[in-house]
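Colleague: This is my_file.cif, which holds mmCIF, C-alpha atoms and all ligand atoms:
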data_target
loop_
_atom_site.label_atom_id
_atom_site.label_comp_id
_atom_site.auth_asym_id
_atom_site.auth_seq_id
_atom_site.Cartn_x
_atom_site.Cartn_y
_atom_site.Cartn_z
CA MET A 261 86.20 125.63 67.72
CA ILE A 262 89.90 126.23 67.22
CA ARG A 263 91.55 127.68 70.32
CA LEU A 264 94.41 129.93 69.25
CA LYS A 265 97.19 129.95 71.82
CA ASN A 266 98.85 133.11 73.06
CA GLU A 267 102.58 133.43 73.62
CA LYS A 268 102.37 132.52 77.30
CA GLN A 269 100.34 129.39 76.56
CA ILE A 270 102.78 128.33 73.85
CA ASP A 271 105.62 128.82 76.33
CA GLY A 272 103.88 126.40 78.69
CA ILE A 273 103.13 123.88 75.95
CA ARG A 274 106.77 124.09 74.81
CA VAL A 275 108.03 123.13 78.28
CA SER A 276 105.65 120.16 78.30
CA CYS A 277 106.78 119.13 74.80
CA ARG A 278 110.48 119.37 75.68
CA LEU A 279 109.89 117.24 78.74
CA LEU A 280 108.17 114.64 76.56
CA SER A 281 110.99 114.51 74.03
CA ALA A 282 113.51 114.28 76.89
CA MET A 283 111.57 111.25 78.13
CA TYR A 284 111.72 109.65 74.68
CA LYS A 285 115.46 110.22 74.55
CA GLU A 286 115.85 107.95 77.57
CA LEU A 287 113.04 105.58 76.62
CA VAL A 288 114.12 104.69 73.08
CA PRO A 289 117.30 102.83 74.12
CA LEU A 290 115.17 100.68 76.47
CA VAL A 291 113.00 99.46 73.59
CA LYS A 292 114.84 96.24 72.79
CA PRO A 293 114.02 92.61 72.12
CA GLY A 294 113.09 90.86 75.38
CA VAL A 295 111.56 93.79 77.24
CA ALA A 296 107.86 93.55 78.14
CA THR A 297 105.81 96.54 77.03
CA ILE A 298 104.29 96.90 80.52
CA GLU A 299 107.83 97.40 81.88
CA LEU A 300 108.34 100.29 79.47
CA ASP A 301 105.03 101.79 80.57
CA GLN A 302 105.90 101.52 84.26
CA TRP A 303 109.23 103.18 83.55
CA ALA A 304 107.46 106.01 81.69
CA GLN A 305 104.85 106.55 84.41
CA ASP A 306 107.59 106.82 87.02
CA TRP A 307 109.68 109.13 84.84
CA ILE A 308 106.79 111.50 84.13
CA LYS A 309 105.72 111.66 87.78
CA LYS A 310 109.28 112.27 88.92
CA ALA A 311 109.49 115.14 86.43
CA GLY A 312 106.39 116.74 87.95
CA GLY A 313 103.98 115.90 85.14
CA LYS A 314 101.00 113.60 84.64
CA PRO A 315 100.74 110.99 81.88
CA ALA A 316 98.17 112.60 79.58
CA PHE A 317 96.92 109.30 78.14
CA LEU A 318 96.41 107.50 81.48
CA GLY A 319 92.68 107.38 82.19
CA TYR A 320 91.79 109.03 78.88
CA GLY A 321 88.57 108.05 77.13
CA SER A 322 85.21 106.91 78.40
CA PRO A 323 84.91 106.17 82.15
CA LYS A 324 83.79 102.66 81.19
CA ASN A 325 87.02 101.82 79.39
CA PRO A 326 89.69 104.42 80.14
CA PHE A 327 93.12 103.99 78.59
CA PRO A 328 95.14 102.20 81.30
CA ALA A 329 98.68 103.39 80.52
CA ALA A 330 101.02 106.31 79.91
CA LEU A 331 102.25 104.88 76.62
CA CYS A 332 100.40 103.49 73.64
CA ILE A 333 102.67 100.71 72.38
CA SER A 334 101.65 99.30 69.02
CA ILE A 335 103.69 96.48 67.50
CA ASN A 336 103.88 95.52 63.81
CA GLU A 337 100.28 95.30 62.46
CA GLU A 338 99.07 97.37 65.41
CA VAL A 339 98.66 100.94 64.20
CA ILE A 340 97.91 102.98 67.33
CA HIS A 341 96.45 102.71 70.86
CA GLY A 342 98.13 99.40 71.72
CA ILE A 343 97.86 98.66 75.45
CA PRO A 344 101.09 97.78 77.27
CA SER A 345 101.08 94.18 78.49
CA LYS A 346 103.34 91.27 79.40
CA ARG A 347 104.08 90.84 75.71
CA ARG A 348 107.80 90.96 75.10
CA ILE A 349 109.27 92.81 72.16
CA ALA A 350 110.83 90.45 69.64
CA GLU A 351 113.79 90.86 67.31
CA GLY A 352 112.61 92.58 64.14
CA ASP A 353 109.48 94.20 65.61
CA LEU A 354 108.34 97.65 64.57
CA VAL A 355 107.37 99.29 67.84
CA SER A 356 105.29 102.47 67.68
CA ILE A 357 105.11 104.43 70.92
CA ASP A 358 102.76 107.37 71.43
CA SER A 359 102.65 109.42 74.60
CA GLY A 360 101.67 112.75 76.06
CA ILE A 361 102.40 114.73 79.21
CA ASP A 362 100.15 117.09 81.12
CA LEU A 363 102.46 119.61 82.74
CA GLY A 364 100.47 122.10 84.76
CA GLY A 365 97.60 121.93 82.28
CA PHE A 366 99.80 122.15 79.18
CA ILE A 367 99.57 119.05 77.01
CA SER A 368 102.18 117.58 74.67
CA ASP A 369 101.78 114.72 72.19
CA GLN A 370 104.48 112.81 70.31
CA ALA A 371 104.91 109.40 68.68
CA LEU A 372 107.68 107.50 66.98
CA THR A 373 108.33 104.05 65.60
CA ILE A 374 111.38 102.16 66.84
CA GLU A 375 113.06 99.28 65.04
CA ALA A 376 113.75 96.54 67.60
CA GLY A 377 116.98 94.83 66.69
CA LYS A 378 117.38 94.10 63.00
CA VAL A 379 114.14 94.61 61.08
CA SER A 380 113.29 93.55 57.53
CA ASP A 381 114.11 95.87 54.64
CA GLU A 382 110.40 96.43 54.01
CA ALA A 383 109.84 97.40 57.65
CA ARG A 384 112.77 99.81 57.61
CA ARG A 385 111.59 101.44 54.40
CA LEU A 386 108.03 101.82 55.74
CA ASN A 387 109.39 103.42 58.90
CA THR A 388 111.66 105.79 56.96
CA VAL A 389 108.89 106.89 54.61
CA THR A 390 106.42 107.41 57.49
CA ARG A 391 108.92 109.66 59.26
CA GLU A 392 109.45 111.54 55.99
CA CYS A 393 105.67 111.94 55.70
CA LEU A 394 105.67 113.69 59.09
CA TYR A 395 108.31 116.17 57.94
CA ARG A 396 106.54 116.74 54.59
CA GLY A 397 103.45 117.57 56.60
CA ILE A 398 105.36 119.93 58.88
CA GLU A 399 106.82 121.74 55.85
CA ALA A 400 103.27 122.47 54.69
CA ALA A 401 102.23 123.68 58.14
CA LYS A 402 102.68 127.43 58.13
CA ALA A 403 100.69 130.60 58.58
CA GLY A 404 98.60 131.30 55.48
CA ASN A 405 98.43 127.68 54.35
CA ARG A 406 95.38 125.51 54.92
CA ILE A 407 95.19 122.34 56.99
CA LEU A 408 94.55 120.07 54.01
CA GLN A 409 97.86 121.15 52.47
CA ILE A 410 99.42 119.16 55.32
CA SER A 411 97.15 116.23 54.48
CA ARG A 412 98.02 116.34 50.78
CA ALA A 413 101.75 116.46 51.51
CA ILE A 414 101.52 113.40 53.76
CA TYR A 415 99.20 111.46 51.49
CA GLY A 416 101.19 112.19 48.34
CA HIS A 417 104.48 111.03 49.82
CA ALA A 418 102.96 107.82 51.21
CA ARG A 419 101.14 107.00 47.98
CA ASP A 420 104.28 107.67 45.91
CA ALA A 421 105.96 104.96 48.00
CA GLY A 422 103.03 102.60 47.38
CA TYR A 423 101.68 102.64 50.94
CA GLY A 424 98.21 102.83 52.43
CA VAL A 425 97.19 105.86 54.48
CA VAL A 426 94.98 105.41 57.55
CA HIS A 427 91.77 107.40 57.14
CA GLN A 428 89.90 106.70 60.37
CA PHE A 429 92.35 108.44 62.70
CA CYS A 430 94.14 111.73 62.31
CA GLY A 431 96.14 114.55 63.83
CA HIS A 432 94.51 117.29 65.85
CA GLY A 433 94.78 120.52 67.75
CA VAL A 434 96.49 120.06 71.12
CA GLY A 435 97.96 122.04 73.99
CA LEU A 436 95.21 122.82 76.49
CA GLU A 437 93.43 119.51 75.93
CA LEU A 438 94.72 116.31 74.38
CA HIS A 439 92.38 116.48 71.39
CA GLU A 440 91.20 119.85 70.15
CA ASP A 441 90.00 121.23 66.85
CA PRO A 442 90.98 121.24 64.07
CA GLN A 443 91.31 117.72 62.80
CA VAL A 444 94.51 117.22 60.81
CA PRO A 445 93.77 114.27 58.53
CA ASN A 446 96.42 112.35 56.65
CA TYR A 447 94.40 112.65 53.46
CA ALA A 448 92.48 115.64 52.11
CA HIS A 449 89.05 115.38 53.66
CA GLY A 450 86.72 117.56 55.73
CA PRO A 451 87.09 121.11 57.07
CA ASN A 452 90.01 123.08 55.71
CA PRO A 453 90.77 126.05 57.95
CA ARG A 454 93.58 128.45 57.18
CA MET A 455 96.44 128.29 59.67
CA THR A 456 97.33 131.43 61.56
CA GLU A 457 99.63 132.45 64.36
CA GLY A 458 98.59 130.61 67.52
CA PHE A 459 97.73 127.26 65.95
CA VAL A 460 99.18 124.39 67.96
CA ILE A 461 98.61 121.03 66.29
CA ALA A 462 99.80 117.43 66.40
CA ILE A 463 100.62 116.03 62.97
CA GLU A 464 100.68 112.24 62.98
CA PRO A 465 100.87 110.17 59.81
CA MET A 466 99.88 106.51 60.28
CA ILE A 467 101.11 104.67 57.22
CA ASN A 468 100.51 101.03 56.31
CA LEU A 469 102.57 98.66 54.21
CA GLY A 470 99.34 97.36 52.62
CA ALA A 471 95.92 99.00 52.48
CA GLY A 472 94.95 101.93 54.70
CA ASP A 473 91.97 100.12 56.25
CA VAL A 474 92.04 99.42 59.97
CA GLU A 475 90.01 97.56 62.59
CA ILE A 476 89.64 97.97 66.35
CA LEU A 477 90.26 94.89 68.51
CA ASP A 478 87.92 93.64 71.27
CA ASP A 479 89.79 95.63 73.92
CA GLU A 480 88.16 98.65 72.19
CA TRP A 481 91.51 100.43 71.96
CA THR A 482 94.04 98.60 69.81
CA VAL A 483 93.80 99.64 66.18
CA VAL A 484 95.25 97.10 63.71
CA THR A 485 95.60 97.03 59.96
CA ALA A 486 92.70 95.14 58.37
CA ASP A 487 95.13 93.09 56.27
CA ARG A 488 97.46 92.57 59.29
CA LYS A 489 100.40 94.03 57.41
CA LEU A 490 102.87 96.39 59.10
CA SER A 491 102.14 99.96 60.12
CA ALA A 492 104.28 102.89 61.33
CA HIS A 493 103.43 106.12 63.13
CA TRP A 494 105.34 109.36 63.71
CA GLU A 495 104.05 112.48 65.42
CA HIS A 496 105.20 115.92 66.52
CA THR A 497 103.41 118.76 68.27
CA ILE A 498 104.10 122.02 66.43
CA ALA A 499 103.26 125.70 66.88
CA ILE A 500 102.56 128.13 64.05
CA PHE A 501 103.94 131.65 64.32
CA ARG A 502 103.44 134.48 61.84
CA ASP A 503 106.81 133.95 60.20
CA ARG A 504 107.88 130.48 61.25
CA THR A 505 106.77 127.07 62.48
CA GLU A 506 108.34 125.47 65.52
CA ILE A 507 108.51 121.76 66.26
CA LEU A 508 107.86 121.82 69.99
CA THR A 509 108.61 118.14 70.61
CA GLU A 510 112.15 118.25 69.28
MG MG A 601 98.06 112.68 68.73
#
As structure tokens, how would this structure be written, given the file I've shared?

Modeller:
Amino acid sequence: MIRLKNEKQIDGIRVSCRLLSAMYKELVPLVKPGVATIELDQWAQDWIKKAGGKPAFLGYGSPKNPFPAALCISINEEVIHGIPSKRRIAEGDLVSIDSGIDLGGFISDQALTIEAGKVSDEARRLNTVTRECLYRGIEAAKAGNRILQISRAIYGHARDAGYGVVHQFCGHGVGLELHEDPQVPNYAHGPNPRMTEGFVIAIEPMINLGAGDVEILDDEWTVVTADRKLSAHWEHTIAIFRDRTEILTE
């Protein structure tokens, strides 16, 4: 069931989203060769708590294996859901960071891929195209259009560049919970509701240098490309109004 948000709810979600993008503004410069990903996560947990929010990803999932961090940090062939650890970021890494904040019950969700130091030309191009895919998707996200128009815009741009599109994971409704209906796939597949005023969704292309196939590692979280080639990930939370679409995490 798609929960349409009223103006007051969107106001609350917007505050959460702006807080999240403010966190990223300070976090991105810290993502450099030599830093351990667990250090970045500790920094983020402290930052979010100090700002009066709760890390929305911390403890998410099944009680048996809850996600243990505020940030998903996924490096190179890791696509999403990487768990922060003592691993240190190396020169040339593609570092995808995904995070969310729960601010008084209003949930934000945003991801971006950072180039650590000097990355290869193929890594930079993949990252650029993935970010473009996000904005192509956002352009298609407006009242009157259908969800799969977003998917087609993302898929088409990635395929034109020769990249693989991850099928097994997708964008989603967000705002009152971390994952709500509808699904927002990165390829045209499944239910295709028409967007109306009050839709709040996270659009999140996950684009691979090679094939779109992925695997989940033994930690039951980290998603990697099946061919172990590079992946990138960009995400915004957006709100649909009758006559405009607003990127809330910007
Ligand atoms: Mg998301």

Colleague: Between A:Pro328, A:Gly360, A:Pro323, A:Gly431, which is the closest to Met283 of chain A once you count all atoms listed in the file?

Modeller: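 Of A:Pro328, A:Gly360, A:Pro323, A:Gly431, the one nearest Met283 of chain A, counting all atoms listed in the file, is A:Gly360.
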
Colleague: May I ask for the distance between atom CA of Gly433 of chain A and atom CA of Asp473 of chain A, given in Å to one decimal place?

Modeller: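 Those two atoms sit 23.6 Å apart.
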
Colleague: Please determine the residues with any atom at most 6 Å from (101.7, 123.8, 77.5) (coordinates as given in the file, with all atoms listed in the file counting) and report them as number ranges by chain.

Modeller: A: 269-270, 272-274, 276, 366-367, 435

Colleague: Only C-alpha atoms, please: the residues just picked out, written as a PDB file, keeping the file's coordinate frame.

Modeller:
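File written: again_7.pdb
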ATOM      1  CA  GLN A 269     100.340 129.390  76.560  1.00  0.00           C
ATOM      2  CA  ILE A 270     102.780 128.330  73.850  1.00  0.00           C
ATOM      3  CA  GLY A 272     103.880 126.400  78.690  1.00  0.00           C
ATOM      4  CA  ILE A 273     103.130 123.880  75.950  1.00  0.00           C
ATOM      5  CA  ARG A 274     106.770 124.090  74.810  1.00  0.00           C
ATOM      6  CA  SER A 276     105.650 120.160  78.300  1.00  0.00           C
ATOM      7  CA  PHE A 366      99.800 122.150  79.180  1.00  0.00           C
ATOM      8  CA  ILE A 367      99.570 119.050  77.010  1.00  0.00           C
ATOM      9  CA  GLY A 435      97.960 122.040  73.990  1.00  0.00           C
TER      10      GLY A 435
END

Colleague: Which residue, A:Asp478, A:Glu440, A:Asp362, A:Asp503, has the smallest gap to Lys265 of chain A when you use all atoms listed in the file?

Modeller: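 Looking at the shortest contact to Lys265 of chain A, the residue is A:Glu440.
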
Colleague: Once you count all atoms listed in the file, what closest atom pair and distance in Å to one decimal does each residue of chain A within 10 Å of ligand MG 601 (chain A) have, with rows by chain and rising residue number, as JSON lines?

Modeller:
{"residue": "A:Ile340", "atom": "CA", "partner": "A:MG601", "partner_atom": "MG", "distance": 9.8}
{"residue": "A:Asp358", "atom": "CA", "partner": "A:MG601", "partner_atom": "MG", "distance": 7.6}
{"residue": "A:Ser359", "atom": "CA", "partner": "A:MG601", "partner_atom": "MG", "distance": 8.1}
{"residue": "A:Gly360", "atom": "CA", "partner": "A:MG601", "partner_atom": "MG", "distance": 8.2}
{"residue": "A:Ser368", "atom": "CA", "partner": "A:MG601", "partner_atom": "MG", "distance": 8.7}
{"residue": "A:Asp369", "atom": "CA", "partner": "A:MG601", "partner_atom": "MG", "distance": 5.5}
{"residue": "A:Gln370", "atom": "CA", "partner": "A:MG601", "partner_atom": "MG", "distance": 6.6}
{"residue": "A:Ala371", "atom": "CA", "partner": "A:MG601", "partner_atom": "MG", "distance": 7.6}
{"residue": "A:Phe429", "atom": "CA", "partner": "A:MG601", "partner_atom": "MG", "distance": 9.3}
{"residue": "A:Cys430", "atom": "CA", "partner": "A:MG601", "partner_atom": "MG", "distance": 7.6}
{"residue": "A:Gly431", "atom": "CA", "partner": "A:MG601", "partner_atom": "MG", "distance": 5.6}
{"residue": "A:His432", "atom": "CA", "partner": "A:MG601", "partner_atom": "MG", "distance": 6.5}
{"residue": "A:Gly433", "atom": "CA", "partner": "A:MG601", "partner_atom": "MG", "distance": 8.6}
{"residue": "A:Val434", "atom": "CA", "partner": "A:MG601", "partner_atom": "MG", "distance": 7.9}
{"residue": "A:Leu438", "atom": "CA", "partner": "A:MG601", "partner_atom": "MG", "distance": 7.5}
{"residue": "A:His439", "atom": "CA", "partner": "A:MG601", "partner_atom": "MG", "distance": 7.3}
{"residue": "A:Val444", "atom": "CA", "partner": "A:MG601", "partner_atom": "MG", "distance": 9.8}
{"residue": "A:Ile461", "atom": "CA", "partner": "A:MG601", "partner_atom": "MG", "distance": 8.7}
{"residue": "A:Ala462", "atom": "CA", "partner": "A:MG601", "partner_atom": "MG", "distance": 5.6}
{"residue": "A:Ile463", "atom": "CA", "partner": "A:MG601", "partner_atom": "MG", "distance": 7.1}
{"residue": "A:Glu464", "atom": "CA", "partner": "A:MG601", "partner_atom": "MG", "distance": 6.3}
{"residue": "A:Pro465", "atom": "CA", "partner": "A:MG601", "partner_atom": "MG", "distance": 9.7}
{"residue": "A:Trp494", "atom": "CA", "partner": "A:MG601", "partner_atom": "MG", "distance": 9.4}
{"residue": "A:Glu495", "atom": "CA", "partner": "A:MG601", "partner_atom": "MG", "distance": 6.8}
{"residue": "A:His496", "atom": "CA", "partner": "A:MG601", "partner_atom": "MG", "distance": 8.1}
{"residue": "A:Thr497", "atom": "CA", "partner": "A:MG601", "partner_atom": "MG", "distance": 8.1}

Colleague: For segment 306-308 of chain A, work out the shell of residues within 9 Å, counting all atoms listed in the file and skipping chain neighbours fewer than 6 positions away, then give it as an mmCIF file with C-alpha atoms, in the frame of the given file.

Modeller:
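Okay, this is what ended up in around-v9.cif:
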data_model
loop_
_atom_site.group_PDB
_atom_site.id
_atom_site.type_symbol
_atom_site.label_atom_id
_atom_site.label_comp_id
_atom_site.auth_asym_id
_atom_site.auth_seq_id
_atom_site.Cartn_x
_atom_site.Cartn_y
_atom_site.Cartn_z
ATOM 1 C CA LEU A 279 109.890 117.240 78.740
ATOM 2 C CA LEU A 280 108.170 114.640 76.560
ATOM 3 C CA MET A 283 111.570 111.250 78.130
ATOM 4 C CA LYS A 314 101.000 113.600 84.640
ATOM 5 C CA PRO A 315 100.740 110.990 81.880
ATOM 6 C CA ALA A 330 101.020 106.310 79.910
ATOM 7 C CA ILE A 361 102.400 114.730 79.210
#

Colleague: Rounded to one decimal, what separation in Å do you get between atom CA of Arg278 of chain A and atom CA of Leu363 of chain A?

Modeller: 10.7 Å

Colleague: Compare A:Asn325, A:Ser281, A:Asn446, A:Asn336 by their minimum atom-to-atom distance to Arg384 of chain A, counting only C-alpha atoms, and give me the closest one.

Modeller: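 Ranked by minimum distance to Arg384 of chain A, first place goes to A:Asn336.
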
Colleague: Extract, using all atoms listed in the file, all DNA, RNA and protein residues at most 7 Å from Thr485 of chain A, discarding same-chain residues fewer than 4 positions from it, and format them as a list in words.

Modeller: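 These residues fall inside the cut-off: Glu337, Glu338, Val339, Asp473, Val474, Glu475 and Lys489 of chain A.
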
Colleague: Taking all atoms listed in the file into account, which of A:Gly470, A:His417, A:Val389, A:Gly377 comes nearest Val484 of chain A?

Modeller: A:Gly470

Colleague: Please compute the atom CA of Met455 of chain A-atom CA of Leu436 of chain A distance, one decimal, in Å.

Modeller: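 According to the coordinates, atom CA of Met455 of chain A and atom CA of Leu436 of chain A are separated by 17.7 Å.
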
Colleague: Residues near Pro344 of chain A, anyone? I mean within 7 Å using all atoms listed in the file, not counting same-chain ones fewer than 2 positions away, as a PDB file with C-alpha atoms, in the coordinates of the input.

Modeller:
ATOM      1  CA  THR A 297     105.810  96.540  77.030  1.00  0.00           C
ATOM      2  CA  ILE A 298     104.290  96.900  80.520  1.00  0.00           C
ATOM      3  CA  ASP A 301     105.030 101.790  80.570  1.00  0.00           C
ATOM      4  CA  ALA A 329      98.680 103.390  80.520  1.00  0.00           C
ATOM      5  CA  CYS A 332     100.400 103.490  73.640  1.00  0.00           C
ATOM      6  CA  ILE A 333     102.670 100.710  72.380  1.00  0.00           C
ATOM      7  CA  GLY A 342      98.130  99.400  71.720  1.00  0.00           C
TER       8      GLY A 342
END

Colleague: Scan for residues within 6 Å of the point (114.6, 94.7, 71.4) in the coordinates of the file, using only C-alpha atoms, and reply as number ranges by chain.

Modeller: A: 291-294, 349-351, 376-377

Colleague: Taking only C-alpha atoms into account, which of A:Phe501, A:Trp303, A:Tyr423, A:Tyr320 comes nearest Glu457 of chain A?

Modeller: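 Between A:Phe501, A:Trp303, A:Tyr423, A:Tyr320, the residue approaching Glu457 of chain A most closely is A:Phe501.
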
Colleague: Do a neighbour search on Ala492 of chain A at 7 Å with all atoms listed in the file, toss out local chain neighbours closer than 6 positions, and write the hits as a list in words.

Modeller: Val339, Ser356, Thr373, Leu386, Asn387, Thr390, Met466, Ile467 and Asn468 of chain A

Colleague: Hey, what's within 12 Å of Ile500 of chain A if we count all atoms listed in the file and toss same-chain stuff fewer than 6 positions away? As a ChimeraX atom specification, please?

Modeller: /A:264-267,270,398-407,433,454-462,506-508

Colleague: From the set A:Val483, A:Val275, A:Val425, A:Leu300, which residue has the shortest atom-to-atom contact distance to Leu469 of chain A, counting only C-alpha atoms?

Modeller: A:Val425

Colleague: For segment 407-418 of chain A, where the input has fewer atoms than it should, I would like N, CA, C and O atoms rebuilt and written as a PDB file, keeping the file's coordinate frame.

Modeller:
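The result, stored in selection_31.pdb:
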ATOM      1  N   ILE A 407      94.923 123.634  56.341  1.00  0.00           N
ATOM      2  CA  ILE A 407      95.190 122.340  56.990  1.00  0.00           C
ATOM      3  C   ILE A 407      95.344 121.215  55.964  1.00  0.00           C
ATOM      4  O   ILE A 407      96.224 120.354  56.093  1.00  0.00           O
ATOM      5  N   LEU A 408      94.498 121.211  54.938  1.00  0.00           N
ATOM      6  CA  LEU A 408      94.550 120.070  54.010  1.00  0.00           C
ATOM      7  C   LEU A 408      95.799 120.086  53.127  1.00  0.00           C
ATOM      8  O   LEU A 408      96.081 119.095  52.447  1.00  0.00           O
ATOM      9  N   GLN A 409      96.561 121.185  53.142  1.00  0.00           N
ATOM     10  CA  GLN A 409      97.860 121.150  52.470  1.00  0.00           C
ATOM     11  C   GLN A 409      98.805 120.211  53.212  1.00  0.00           C
ATOM     12  O   GLN A 409      99.640 119.545  52.594  1.00  0.00           O
ATOM     13  N   ILE A 410      98.659 120.146  54.530  1.00  0.00           N
ATOM     14  CA  ILE A 410      99.420 119.160  55.320  1.00  0.00           C
ATOM     15  C   ILE A 410      98.994 117.754  54.898  1.00  0.00           C
ATOM     16  O   ILE A 410      99.831 116.882  54.622  1.00  0.00           O
ATOM     17  N   SER A 411      97.689 117.554  54.827  1.00  0.00           N
ATOM     18  CA  SER A 411      97.150 116.230  54.480  1.00  0.00           C
ATOM     19  C   SER A 411      97.643 115.791  53.113  1.00  0.00           C
ATOM     20  O   SER A 411      98.053 114.635  52.938  1.00  0.00           O
ATOM     21  N   ARG A 412      97.603 116.704  52.148  1.00  0.00           N
ATOM     22  CA  ARG A 412      98.020 116.340  50.780  1.00  0.00           C
ATOM     23  C   ARG A 412      99.501 115.994  50.733  1.00  0.00           C
ATOM     24  O   ARG A 412      99.908 115.084  50.015  1.00  0.00           O
ATOM     25  N   ALA A 413     100.303 116.726  51.498  1.00  0.00           N
ATOM     26  CA  ALA A 413     101.750 116.460  51.510  1.00  0.00           C
ATOM     27  C   ALA A 413     102.030 115.057  52.068  1.00  0.00           C
ATOM     28  O   ALA A 413     102.846 114.306  51.520  1.00  0.00           O
ATOM     29  N   ILE A 414     101.339 114.717  53.146  1.00  0.00           N
ATOM     30  CA  ILE A 414     101.520 113.400  53.760  1.00  0.00           C
ATOM     31  C   ILE A 414     101.032 112.301  52.812  1.00  0.00           C
ATOM     32  O   ILE A 414     101.737 111.323  52.534  1.00  0.00           O
ATOM     33  N   TYR A 415      99.826 112.491  52.327  1.00  0.00           N
ATOM     34  CA  TYR A 415      99.200 111.460  51.490  1.00  0.00           C
ATOM     35  C   TYR A 415     100.030 111.223  50.231  1.00  0.00           C
ATOM     36  O   TYR A 415     100.290 110.075  49.847  1.00  0.00           O
ATOM     37  N   GLY A 416     100.445 112.313  49.589  1.00  0.00           N
ATOM     38  CA  GLY A 416     101.190 112.190  48.340  1.00  0.00           C
ATOM     39  C   GLY A 416     102.482 111.407  48.528  1.00  0.00           C
ATOM     40  O   GLY A 416     102.817 110.534  47.717  1.00  0.00           O
ATOM     41  N   HIS A 417     103.197 111.705  49.601  1.00  0.00           N
ATOM     42  CA  HIS A 417     104.480 111.030  49.820  1.00  0.00           C
ATOM     43  C   HIS A 417     104.260 109.543  50.111  1.00  0.00           C
ATOM     44  O   HIS A 417     105.002 108.690  49.616  1.00  0.00           O
ATOM     45  N   ALA A 418     103.235 109.232  50.889  1.00  0.00           N
ATOM     46  CA  ALA A 418     102.960 107.820  51.210  1.00  0.00           C
ATOM     47  C   ALA A 418     102.513 107.061  49.960  1.00  0.00           C
ATOM     48  O   ALA A 418     102.953 105.924  49.718  1.00  0.00           O
TER      49      ALA A 418
END
